[in-house]
Amino acid sequence: MSKIKTRMKLHVRHKLKDENPTAWIGKDGLTPQLAIEIDKQLEKNKMVKVRILKTALQTETARAVATNAAEQTNSSLVEVRGHVFILYRRKKTQTKETTTHE
């Protein structure tokens, strides 16, 4: 799980404050398929808002689920508020591979 600066946390929170969650964690918890989906959304949008359903909180707290999701997707946990959390990851920069012609 990577660190994120306070200024960037404020920016991400402001950007997603009116948005609905785009992923939901259900009674099965954070499944590998859900982790892959969150990873795809992070690559596309840099930030994801996730809702944890009450059935997923039978054994773990919301913060534990959010921390686990951040570690599995190699992203930063911005905020946990109630049953909703926000993840952020910088876009990977594409390096240009130069080929030499002989």
# chains A, B, ... in the order shown; residues from 1 in each chain; ligands from 1
>>> select_by_dssp(residues="chain A", states="alpha helix (DSSP H)", output="PyMOL selection string")
chain A and resi 6-16+32-45+62-73
>>> write_last_selection(atoms="C-alpha atoms", output="mmCIF file, in the first residue's frame")
data_model
loop_
_atom_site.group_PDB
_atom_site.id
_atom_site.type_symbol
_atom_site.label_atom_id
_atom_site.label_comp_id
_atom_site.auth_asym_id
_atom_site.auth_seq_id
_atom_site.Cartn_x
_atom_site.Cartn_y
_atom_site.Cartn_z
ATOM 1 C CA THR A 6 -2.780 15.177 2.058
ATOM 2 C CA ARG A 7 -3.329 17.593 -0.817
ATOM 3 C CA MET A 8 -3.998 14.719 -3.190
ATOM 4 C CA LYS A 9 -6.382 13.119 -0.673
ATOM 5 C CA LEU A 10 -8.388 16.344 -0.625
ATOM 6 C CA HIS A 11 -8.464 16.426 -4.425
ATOM 7 C CA VAL A 12 -9.641 12.815 -4.725
ATOM 8 C CA ARG A 13 -12.299 13.261 -2.026
ATOM 9 C CA HIS A 14 -13.601 16.401 -3.743
ATOM 10 C CA LYS A 15 -13.678 14.661 -7.131
ATOM 11 C CA LEU A 16 -15.669 11.651 -5.851
ATOM 12 C CA PRO A 32 -9.999 -12.282 -6.709
ATOM 13 C CA GLN A 33 -12.480 -11.319 -9.449
ATOM 14 C CA LEU A 34 -13.469 -8.185 -7.542
ATOM 15 C CA ALA A 35 -9.816 -7.280 -6.963
ATOM 16 C CA ILE A 36 -9.206 -7.587 -10.717
ATOM 17 C CA GLU A 37 -12.227 -5.371 -11.444
ATOM 18 C CA ILE A 38 -11.060 -2.716 -8.973
ATOM 19 C CA ASP A 39 -7.591 -2.907 -10.543
ATOM 20 C CA LYS A 40 -9.072 -2.312 -14.022
ATOM 21 C CA GLN A 41 -11.057 0.669 -12.755
ATOM 22 C CA LEU A 42 -7.943 2.115 -11.110
ATOM 23 C CA GLU A 43 -6.002 1.821 -14.369
ATOM 24 C CA LYS A 44 -8.777 3.593 -16.246
ATOM 25 C CA ASN A 45 -9.800 6.320 -13.772
ATOM 26 C CA ALA A 62 -14.629 -1.718 7.151
ATOM 27 C CA ARG A 63 -11.074 -0.412 7.662
ATOM 28 C CA ALA A 64 -9.647 -3.952 7.546
ATOM 29 C CA VAL A 65 -11.504 -4.723 4.303
ATOM 30 C CA ALA A 66 -10.369 -1.411 2.773
ATOM 31 C CA THR A 67 -6.745 -1.942 3.798
ATOM 32 C CA ASN A 68 -6.813 -5.447 2.338
ATOM 33 C CA ALA A 69 -8.249 -4.092 -0.941
ATOM 34 C CA ALA A 70 -5.550 -1.394 -1.114
ATOM 35 C CA GLU A 71 -2.795 -3.966 -0.579
ATOM 36 C CA GLN A 72 -4.170 -6.366 -3.194
ATOM 37 C CA THR A 73 -4.526 -3.649 -5.835
#
>>> closest_atom_pairs(of="stretch 5-71 of chain A", to="stretch 85-90 of chain A", cutoff="6 Å", atoms="only C-alpha atoms", output="CSV")
residue,atom,partner,partner_atom,distance
A:Lys46,CA,A:Arg89,CA,5.2
A:Met47,CA,A:Tyr88,CA,4.4
A:Val48,CA,A:Leu87,CA,5.3
A:Lys49,CA,A:Ile86,CA,4.6
A:Val50,CA,A:Phe85,CA,5.4
>>> closest_atom_pairs(of="stretch 34-89 of chain A", to="stretch 17-28 of chain A", cutoff="6 Å", atoms="only C-alpha atoms", output="Markdown table")
| residue | atom | partner | partner_atom | distance |
| --- | --- | --- | --- | --- |
| A:Lys49 | CA | A:Pro21 | CA | 4.7 |
| A:Val50 | CA | A:Ala23 | CA | 4.9 |
| A:Arg51 | CA | A:Trp24 | CA | 4.8 |
| A:Ile52 | CA | A:Ile25 | CA | 4.8 |
| A:Leu53 | CA | A:Gly26 | CA | 5.4 |
| A:Thr55 | CA | A:Lys27 | CA | 4.8 |
| A:Ala56 | CA | A:Lys27 | CA | 4.3 |
>>> atom_distance(atom1="atom CA of A:Lys3", atom2="atom CA of A:Ser75")
8.5 Å
>>> select_by_dssp(residues="stretch 3-61 of chain A", states="strand (DSSP E or B)", output="list in words")
Ala23, Trp24, Ile25, Met47, Val48, Lys49, Val50, Arg51 and Ile52 of chain A
>>> atom_distance(atom1="atom CA of A:Ile4", atom2="atom CA of A:Glu60")
24.3 Å
>>> atom_distance(atom1="atom CA of A:Glu79", atom2="atom CA of A:Lys91")
19.2 Å
